[in-house]
$ cat entry-v3.cif   # mmCIF, C-alpha atoms
data_work
loop_
_atom_site.label_atom_id
_atom_site.label_comp_id
_atom_site.auth_asym_id
_atom_site.auth_seq_id
_atom_site.Cartn_x
_atom_site.Cartn_y
_atom_site.Cartn_z
CA MET A 755 0.25 -39.83 -37.52
CA ALA A 756 3.39 -39.74 -35.36
CA GLU A 757 3.40 -37.29 -32.49
CA SER A 758 5.73 -34.32 -32.72
CA PRO A 759 8.65 -34.07 -30.26
CA VAL A 760 7.16 -30.81 -28.97
CA GLY A 761 4.18 -32.63 -27.46
CA VAL A 762 6.51 -35.19 -25.87
CA TYR A 763 8.67 -32.48 -24.33
CA LYS A 764 5.61 -30.74 -22.89
CA ARG A 765 4.47 -33.92 -21.15
CA ARG A 766 7.96 -34.44 -19.78
CA ASP A 767 7.87 -30.92 -18.38
CA THR A 768 4.59 -31.76 -16.67
CA ILE A 769 5.81 -35.06 -15.22
CA THR A 770 9.19 -33.89 -13.96
CA ALA A 771 8.29 -30.24 -13.16
CA LEU A 772 11.98 -29.37 -13.56
CA PRO A 773 13.80 -27.01 -15.94
CA LEU A 774 15.54 -28.60 -18.92
CA TYR A 775 19.23 -27.68 -19.10
CA TYR A 776 20.65 -30.13 -21.63
CA SER A 777 19.66 -33.25 -23.58
CA GLY A 778 20.99 -35.71 -26.13
CA HIS A 779 21.61 -39.34 -27.02
CA LEU A 780 23.70 -41.41 -24.62
CA LEU A 781 25.01 -44.91 -24.08
CA LYS A 782 24.60 -46.14 -20.51
CA LYS A 783 26.04 -49.10 -18.58
CA TYR A 784 25.86 -49.98 -14.88
CA THR A 785 28.64 -51.72 -12.98
CA GLY A 786 28.47 -55.43 -13.76
CA GLU A 787 26.77 -55.00 -17.13
CA LYS A 788 28.68 -56.07 -20.21
CA ASP A 789 27.36 -53.83 -22.98
CA PHE A 790 26.22 -50.25 -23.24
CA LYS A 791 22.53 -49.58 -23.91
CA LYS A 792 21.22 -46.74 -26.03
CA CYS A 793 19.04 -44.17 -24.33
CA TYR A 794 18.02 -40.54 -24.52
CA GLY A 795 19.04 -38.37 -21.61
CA GLU A 796 17.70 -35.07 -20.27
CA LEU A 797 19.38 -33.03 -17.58
CA ARG A 798 16.53 -31.41 -15.66
CA GLY A 799 17.40 -29.61 -12.47
CA SER A 800 19.98 -31.77 -10.72
CA THR A 801 18.69 -35.05 -12.18
CA ILE A 802 19.46 -36.92 -15.39
CA PHE A 803 16.28 -38.59 -16.70
CA LEU A 804 16.90 -41.53 -19.04
CA TYR A 805 14.34 -42.56 -21.69
CA THR A 806 14.37 -45.61 -23.94
CA ASP A 807 14.22 -43.27 -26.96
CA GLN A 808 13.55 -39.65 -27.82
CA MET A 809 9.77 -40.09 -28.25
CA HIS A 810 8.94 -41.66 -24.86
CA ASP A 811 7.35 -39.23 -22.44
CA THR A 812 7.98 -41.28 -19.26
CA TYR A 813 11.53 -41.96 -18.14
CA SER A 814 12.78 -45.45 -17.43
CA GLU A 815 15.34 -44.45 -14.80
CA LYS A 816 17.10 -41.41 -13.41
CA LEU A 817 20.39 -40.36 -11.87
CA ASP A 818 20.32 -37.96 -8.91
CA LEU A 819 23.38 -35.75 -9.29
CA GLN A 820 23.05 -34.49 -5.72
CA MET A 821 24.32 -37.94 -4.77
CA LEU A 822 27.32 -37.58 -7.11
CA LYS A 823 30.69 -38.20 -5.45
CA SER A 824 32.96 -38.13 -8.49
CA MET A 825 32.96 -37.96 -12.29
CA VAL A 826 36.00 -39.42 -14.01
CA MET A 827 36.90 -39.49 -17.69
CA ASP A 828 38.26 -42.92 -18.66
CA ALA A 829 40.65 -41.47 -21.26
CA PRO A 830 41.99 -37.99 -22.02
CA TYR A 831 39.93 -35.77 -24.28
CA GLN A 832 40.51 -36.53 -27.97
CA LYS A 833 38.65 -35.07 -30.93
CA ASN A 834 38.17 -38.30 -32.88
CA ARG A 835 37.38 -40.67 -30.04
CA SER A 836 34.26 -41.53 -28.04
CA THR A 837 34.18 -40.26 -24.49
CA ILE A 838 33.32 -42.43 -21.48
CA TYR A 839 32.56 -40.96 -18.07
CA THR A 840 32.24 -42.94 -14.85
CA LEU A 841 29.77 -41.37 -12.41
CA THR A 842 30.09 -42.57 -8.84
CA LEU A 843 26.93 -41.93 -6.84
CA SER A 844 26.32 -42.66 -3.18
CA ASN A 845 24.33 -45.81 -4.01
CA GLU A 846 25.55 -46.90 -7.47
CA GLU A 847 28.09 -46.44 -10.21
CA VAL A 848 27.20 -45.86 -13.84
CA GLN A 849 29.11 -45.19 -17.04
CA LEU A 850 27.92 -42.80 -19.74
CA LYS A 851 29.35 -42.98 -23.24
CA VAL A 852 29.07 -40.25 -25.87
CA ASP A 853 30.17 -40.89 -29.45
CA ASN A 854 30.94 -37.23 -30.19
CA PRO A 855 33.76 -36.01 -27.89
CA ASN A 856 32.61 -32.38 -28.18
CA THR A 857 29.12 -33.36 -27.06
CA GLY A 858 30.68 -35.41 -24.26
CA GLU A 859 32.59 -32.34 -23.07
CA GLU A 860 29.29 -30.42 -22.96
CA TRP A 861 27.71 -33.20 -20.89
CA ARG A 862 30.64 -33.04 -18.46
CA GLY A 863 30.35 -29.26 -18.17
CA PHE A 864 26.61 -29.33 -17.42
CA ILE A 865 26.79 -32.29 -15.02
CA MET A 866 29.64 -30.84 -12.96
CA THR A 867 28.10 -27.34 -12.94
CA VAL A 868 24.79 -28.63 -11.58
CA ALA A 869 26.32 -31.15 -9.15
CA THR A 870 28.98 -28.87 -7.63
CA ARG A 871 27.20 -25.53 -8.30
CA GLU A 872 30.29 -24.11 -9.94
CA ILE A 873 31.65 -24.16 -13.46
CA PRO A 874 34.72 -26.44 -13.91
CA SER A 875 37.92 -24.51 -14.56
CA LYS A 876 39.17 -26.60 -17.49
CA LEU A 877 36.62 -27.16 -20.21
CA GLN A 878 37.13 -27.52 -23.96
CA LEU A 879 34.08 -25.37 -24.79
CA LEU A 880 33.34 -22.28 -26.85
CA PRO A 881 32.53 -18.90 -25.22
CA GLY A 882 28.83 -19.25 -26.07
CA GLN A 883 28.71 -22.64 -24.35
CA ILE A 884 30.43 -21.21 -21.26
CA LEU A 885 27.84 -18.42 -21.22
CA ARG A 886 25.06 -21.02 -21.26
CA LEU A 887 26.70 -22.78 -18.28
CA GLU A 888 26.65 -19.50 -16.38
CA GLU A 889 22.91 -19.13 -17.06
CA VAL A 890 22.26 -22.71 -15.91
CA LEU A 891 24.30 -22.16 -12.75
CA SER A 892 22.26 -19.07 -11.88
CA GLU A 893 18.93 -20.85 -12.51
CA GLU A 894 19.96 -23.91 -10.50
CA GLN A 895 21.10 -21.82 -7.54
CA LYS A 896 17.73 -20.07 -7.46
CA ARG A 897 15.88 -23.37 -7.77
CA GLN A 898 17.85 -25.02 -4.99
CA ALA A 899 17.31 -22.00 -2.74
CA ALA A 900 13.57 -22.25 -3.34
CA CYS A 901 13.62 -25.97 -2.48
CA SER A 902 15.09 -25.31 0.98
CA PRO A 903 13.05 -26.17 4.13
CA LEU A 904 11.90 -22.55 4.31
CA LEU A 905 9.22 -23.54 1.83
CA THR A 906 7.36 -25.29 4.61
CA THR A 907 6.28 -21.98 6.09
CA THR A 908 5.22 -20.23 2.89
CA TYR A 909 3.28 -22.20 0.32
CA PRO A 910 3.21 -21.07 -3.30
CA ILE A 911 0.04 -20.24 -5.17
CA HIS A 912 -1.03 -22.85 -7.67
CA PRO A 913 -1.02 -21.83 -11.35
CA SER A 914 -4.76 -22.36 -11.62
CA SER A 915 -5.30 -19.39 -9.33
CA SER A 916 -2.36 -17.39 -10.66
CA PRO A 917 -1.58 -18.23 -14.30
CA GLY A 918 1.46 -15.97 -14.44
CA ASN A 919 3.33 -18.11 -11.83
CA THR A 920 3.41 -21.34 -13.85
CA TYR A 921 6.86 -20.82 -15.30
CA ASP A 922 8.28 -19.47 -12.04
CA ASN A 923 6.97 -22.46 -10.05
CA THR A 924 8.51 -24.84 -12.57
CA LEU A 925 11.91 -23.16 -12.25
CA ASN A 926 11.66 -23.19 -8.46
CA GLY A 927 11.09 -26.95 -8.40
CA ILE A 928 7.53 -26.73 -7.03
CA PRO A 929 5.52 -29.55 -8.62
CA LEU A 930 2.49 -28.39 -10.54
CA CYS A 931 0.36 -30.87 -8.61
CA PHE A 932 0.79 -28.80 -5.44
CA PHE A 933 -2.44 -27.26 -4.08
CA PRO A 934 -2.73 -25.29 -0.81
CA VAL A 935 -5.83 -27.24 0.28
CA SER A 936 -6.88 -29.40 3.21
CA ARG A 937 -6.96 -33.18 3.19
CA GLN A 938 -10.75 -33.28 2.73
CA LYS A 939 -10.59 -30.80 -0.13
CA ALA A 940 -7.85 -32.81 -1.85
CA GLU A 941 -9.91 -35.99 -1.61
CA ASN A 942 -12.93 -34.22 -3.08
CA MET A 943 -10.82 -32.93 -5.97
CA LEU A 944 -9.58 -36.43 -6.74
CA LYS A 945 -13.14 -37.81 -6.62
CA GLU A 946 -14.72 -35.12 -8.79
CA ASN A 947 -12.01 -34.90 -11.47
CA THR A 948 -10.55 -38.36 -11.98
CA GLU A 949 -9.30 -37.44 -15.45
CA TYR A 950 -6.91 -34.82 -14.04
CA GLY A 951 -4.71 -37.33 -12.20
CA ASN A 952 -4.31 -39.27 -8.96
CA ILE A 953 -1.65 -37.51 -6.86
CA ILE A 954 -1.94 -34.19 -5.02
CA LEU A 955 0.84 -32.57 -3.03
CA ARG A 956 -0.55 -30.34 -0.27
CA PRO A 957 0.36 -28.81 3.12
CA SER A 958 0.17 -31.15 6.08
CA THR A 959 -2.56 -30.73 8.67
CA ASP A 960 -0.22 -28.92 11.06
CA ASN A 961 0.91 -26.56 8.24
CA THR A 962 4.58 -27.22 9.04
CA ASN A 963 5.28 -29.97 6.49
CA TYR A 964 3.83 -31.50 3.35
CA ALA A 965 1.55 -34.42 2.59
CA ILE A 966 0.66 -36.60 -0.39
CA THR A 967 -2.97 -37.51 -1.01
CA LEU A 968 -3.61 -40.05 -3.76
CA ARG A 969 -6.47 -42.04 -5.21
CA GLN A 970 -6.10 -45.70 -6.19
CA ASP A 971 -8.75 -47.44 -8.26
CA ASN A 972 -8.89 -50.98 -6.87
CA PRO A 973 -11.28 -53.72 -8.04
CA SER A 974 -13.28 -53.20 -4.85
CA GLY A 975 -13.54 -49.46 -5.50
CA PRO A 976 -11.47 -46.28 -5.23
CA VAL A 977 -9.30 -45.88 -2.13
CA MET A 978 -7.92 -42.60 -0.76
CA LYS A 979 -4.52 -42.61 0.95
CA SER A 980 -2.40 -39.87 2.51
CA TYR A 981 1.34 -39.86 3.29
CA LYS A 982 3.29 -37.37 5.34
CA VAL A 983 6.39 -35.68 3.95
CA LEU A 984 8.77 -34.15 6.51
CA SER A 985 11.16 -31.31 5.73
CA VAL A 986 14.73 -31.91 6.93
CA ASP A 987 18.10 -30.26 6.37
CA LYS A 988 19.08 -32.64 3.57
CA GLY A 989 15.74 -32.48 1.75
CA PHE A 990 12.47 -34.28 2.47
CA VAL A 991 11.61 -37.56 4.17
CA ILE A 992 8.63 -39.63 3.04
CA GLU A 993 7.32 -41.35 6.17
CA LEU A 994 6.89 -44.98 5.11
CA ASN A 995 7.65 -48.23 6.89
CA SER A 996 11.17 -47.66 5.59
CA PRO A 997 11.53 -43.85 5.40
CA VAL A 998 12.81 -42.52 2.10
CA THR A 999 14.90 -39.32 1.90
CA VAL A 1000 14.82 -37.32 -1.32
CA PRO A 1001 16.43 -33.96 -2.18
CA SER A 1002 13.38 -32.05 -3.43
CA LEU A 1003 9.59 -31.99 -3.63
CA ALA A 1004 9.77 -32.98 -7.29
CA ALA A 1005 11.70 -36.07 -6.19
CA VAL A 1006 8.85 -36.87 -3.78
CA ILE A 1007 6.44 -37.05 -6.71
CA ASP A 1008 8.96 -39.03 -8.74
CA HIS A 1009 9.23 -41.62 -5.96
CA PHE A 1010 5.49 -42.26 -5.96
CA LEU A 1011 5.45 -42.49 -9.75
CA MET A 1012 8.26 -45.02 -9.76
CA GLU A 1013 6.78 -47.09 -6.93
CA THR A 1014 3.40 -47.31 -8.66
CA GLU A 1015 5.02 -48.04 -12.05
CA PHE A 1016 3.49 -44.85 -13.43
CA ARG A 1017 -0.05 -46.16 -12.96
CA LEU A 1018 -0.69 -42.99 -10.98
CA GLN A 1019 -0.18 -39.53 -12.41
CA PRO A 1020 0.12 -36.05 -10.83
CA TYR A 1021 -3.13 -34.11 -10.54
CA LEU A 1022 -2.90 -31.38 -13.17
CA VAL A 1023 -5.65 -28.94 -14.04
CA PRO A 1024 -5.74 -28.52 -17.83
CA GLN A 1025 -5.23 -25.03 -19.11
CA THR A 1026 -7.31 -23.65 -21.98
CA TYR A 1027 -5.60 -21.91 -24.87
CA ASP A 1028 -6.93 -19.95 -27.82
CA THR A 1029 -6.12 -21.13 -31.34
CA CYS A 1030 -7.12 -18.08 -33.36
CA ILE A 1031 -5.69 -14.59 -33.29
CA GLU A 1032 -8.42 -12.03 -33.82
CA LEU A 1033 -7.98 -8.48 -34.96
CA PRO A 1034 -9.18 -6.12 -32.22
CA PRO A 1035 -11.65 -3.41 -33.29
CA GLU A 1036 -10.32 0.02 -34.04
CA LYS A 1037 -10.59 2.60 -31.35
CA PRO A 1038 -13.46 5.03 -32.07
CA THR A 1039 -12.27 8.46 -33.06
CA LEU A 1040 -13.70 11.16 -30.87
CA PRO A 1041 -15.21 14.19 -32.65
CA SER A 1042 -13.20 17.35 -32.41
CA LYS A 1043 -14.40 19.65 -29.70
CA THR A 1044 -15.84 22.99 -30.83
CA VAL A 1045 -15.01 25.90 -28.63
CA PRO A 1046 -18.26 27.79 -27.88
CA ARG A 1047 -18.24 31.45 -28.69
CA ALA A 1048 -18.51 33.82 -25.81
CA ARG A 1049 -21.87 35.51 -25.56
CA VAL A 1050 -21.39 39.24 -24.97
CA ALA A 1051 -24.30 41.53 -24.32
CA PRO A 1052 -24.56 44.16 -27.11
CA MET A 1053 -23.41 47.63 -26.22
CA ILE A 1054 -26.11 50.30 -26.24
CA HIS A 1055 -24.93 53.46 -27.93
CA THR A 1056 -26.87 56.57 -26.96
CA GLN A 1057 -26.56 59.87 -28.70
CA SER A 1058 -25.35 62.61 -26.44
CA LEU A 1059 -27.48 65.67 -26.12
CA ALA A 1060 -26.10 68.86 -27.46
CA TRP A 1061 -25.82 70.41 -24.08
CA ASP A 1062 -24.01 67.41 -22.57
CA ILE A 1063 -20.40 67.89 -21.79
CA PRO A 1064 -18.17 66.22 -24.37
CA PRO A 1065 -15.67 63.81 -22.86
CA SER A 1066 -12.59 65.68 -21.94
CA TYR A 1067 -10.00 65.80 -19.30
CA PRO A 1068 -10.45 68.21 -16.41
CA ILE A 1069 -9.26 71.62 -17.36
CA PRO A 1070 -6.40 72.62 -15.13
CA LEU A 1071 -6.57 75.91 -13.34
CA ILE A 1072 -4.44 78.76 -14.58
CA PRO A 1073 -1.94 79.78 -11.99
CA THR A 1074 -1.95 83.45 -11.05
CA LYS A 1075 0.97 85.55 -10.08
CA ALA A 1076 2.47 84.77 -6.78
CA THR A 1077 1.05 86.79 -3.99
CA GLU A 1078 2.74 88.02 -0.96
CA ALA A 1079 1.20 85.17 1.07
CA GLY A 1080 2.87 82.54 -1.16
CA ASN A 1081 2.44 80.57 -4.36
CA GLU A 1082 -1.27 79.91 -4.58
CA TYR A 1083 -3.59 78.96 -7.45
CA GLN A 1084 -6.57 81.26 -7.86
CA ASP A 1085 -9.46 81.27 -10.26
CA THR A 1086 -9.12 84.10 -12.77
CA ASP A 1087 -12.88 84.63 -12.93
CA ASP A 1088 -13.39 84.97 -9.25
CA VAL A 1089 -10.29 86.11 -7.48
CA SER A 1090 -12.22 87.68 -4.70
CA GLY A 1091 -14.36 84.58 -4.02
CA PRO A 1092 -13.94 82.26 -1.11
CA GLU A 1093 -10.79 80.18 -1.16
CA PRO A 1094 -11.44 76.47 -1.77
CA LYS A 1095 -10.75 74.21 1.10
CA ASP A 1096 -9.12 71.39 -0.89
CA LEU A 1097 -8.21 70.23 -4.39
CA HIS A 1098 -11.46 68.30 -5.04
CA GLN A 1099 -13.60 71.24 -4.12
CA GLU A 1100 -11.47 73.43 -6.33
CA LEU A 1101 -11.95 71.05 -9.29
CA ARG A 1102 -15.70 70.95 -8.80
CA ILE A 1103 -15.84 74.76 -8.85
CA ALA A 1104 -13.76 74.81 -12.05
CA VAL A 1105 -16.01 72.25 -13.78
CA GLN A 1106 -19.12 74.20 -12.79
CA LYS A 1107 -17.63 77.39 -14.20
CA ARG A 1108 -16.81 75.58 -17.41
CA LYS A 1109 -20.36 74.34 -17.79
CA GLU A 1110 -21.74 77.84 -17.44
CA GLN A 1111 -19.34 79.05 -20.15
CA ILE A 1112 -20.38 76.26 -22.54
CA TYR A 1113 -24.11 76.85 -22.04
CA THR A 1114 -23.88 80.55 -22.59
CA GLY A 1115 -21.43 81.00 -25.45
CA SER A 1116 -20.07 77.77 -26.87
CA PRO A 1117 -19.62 78.03 -30.66
CA PHE A 1118 -20.03 74.23 -31.09
CA LEU A 1119 -23.70 74.13 -30.13
CA HIS A 1120 -26.40 73.60 -32.72
CA PRO A 1121 -28.07 76.91 -33.68
CA ILE A 1122 -31.44 75.73 -32.42
CA GLN A 1123 -30.02 74.89 -29.06
CA LYS A 1124 -28.31 78.20 -28.43
#

$ encode --input "entry-v3.cif" --output "structure tokens"
Amino acid sequence: MAESPVGVYKRRDTITALPLYYSGHLLKKYTGEKDFKKCYGELRGSTIFLYTDQMHDTYSEKLDLQMLKSMVMDAPYQKNRSTIYTLTLSNEEVQLKVDNPNTGEEWRGFIMTVATREIPSKLQLLPGQILRLEEVLSEEQKRQAACSPLLTTTYPIHPSSSPGNTYDNTLNGIPLCFFPVSRQKAENMLKENTEYGNIILRPSTDNTNYAITLRQDNPSGPVMKSYKVLSVDKGFVIELNSPVTVPSLAAVIDHFLMETEFRLQPYLVPQTYDTCIELPPEKPTLPSKTVPRARVAPMIHTQSLAWDIPPSYPIPLIPTKATEAGNEYQDTDDVSGPEPKDLHQELRIAVQKRKEQIYTGSPFLHPIQK
């Protein structure tokens, strides 16, 4: 059963560790070659990766657009004519041919946007295509900023320890085979998990640069090797007998893959994924709370005795006629008695008088109690 293109694209993402901006069928020819050759191209980051066909997961060659000096169209844009572009790089010159002129105009827009970090002023594209170029320009600017030498002081966290950063690290151009580990730890990882890959990118011993640790399986046995990668203004330098300068960390990995003819692969920890969506259990419904009734002590009703005073307000004193000394209140029953000293004493005397009247002649008393 043939493999689906989705699986191929996923492996390409893993190998290149760069965001995919545009892709399509191309015809390619180097200077000195007679005929164009068919290939499938992918613009990832600032690099065009060329594959022999759409189903190959490893690229055969690549074009670094950061080395682009000029891009010239061999003939003016015409709707019914193939488009040929000549790309002049710092180390080579290559021609790309596109049968569909509209597709060729898209290729020109994406290539120039990524290479110059600005959208060309004259493009025969639709508004939606221009909007896509603006998104690519924003993503590429962020990725290039993350690939600056400042990365040598702050190392990212690998996706295995922070799953949510996988997509961000890919956009930032940080290879997924980067691990913030020591040289000894990297060698142990390569020994214990040979099926994960052969190449680990890690911080250097002095924590100011990077290093590559790889494992080669020779007939005499496995051999561990480490290479230093220096950060410079123009990118990164792989310290070999003949130093190699590349624009990004992803290009460092690409160089080792190309030099070993893809016999080595980046060290990638496989991620586990679920294949079945399960229905979560329903949340238990809590029983309604019953408000407890307040417990009130019963009131004790006692029957009043007949001679008790029924509840009533204090009976006010009847004012007498004003005397020559002034307006004074006097008790009518005892005008000649001693004058009360204050209002409370006067009220007590009045209540006492009232009690005596009730006990002696109240008509409301029970006959037996009289």

$ atom_distance --input "entry-v3.cif" --atom1 "atom CA of A:Phe1010" --atom2 "atom CA of A:Leu994"
11.5 Å

$ atom_distance --input "entry-v3.cif" --atom1 "atom CA of A:Ser800" --atom2 "atom CA of A:Ser844"
14.7 Å

$ residues_around --input "entry-v3.cif" --residues "stretch 929-932 of chain A" --least-positions-apart "4" --cutoff "6 Å" --atoms "only C-alpha atoms" --output "list of chain:residue names"
A:Ala771, A:Ile954, A:Leu955, A:Arg956, A:Ala1004, A:Pro1020, A:Tyr1021, A:Leu1022

$ resolve_selection --input "entry-v3.cif" --expression "the PyMOL selection byres ((chain A and resi 766-769) around 12)" --output "ChimeraX atom specification"
/A:759-765,770-775,795-799,803-805,808-813,920-921,923-925,927-931,951,953,1004-1012,1016,1018-1024

$ resolve_selection --input "entry-v3.cif" --expression "the PyMOL selection byres ((chain A and resi 817-833) around 7)" --output "PyMOL selection string"
chain A and resi 800-803+816+834-835+838-844+855+869

$ atom_distance --input "entry-v3.cif" --atom1 "atom CA of A:Val935" --atom2 "atom CA of A:Ser974"
27.5 Å

$ closest_residue --input "entry-v3.cif" --among "A:Thr857, A:Gln849, A:Gln1099, A:Ser936" --to "A:Asp960" --atoms "all atoms listed in the file"
A:Ser936

$ closest_residue --input "entry-v3.cif" --among "A:Lys783, A:Ser958, A:Val852, A:Arg969" --to "A:Glu946" --atoms "all atoms listed in the file"
A:Arg969
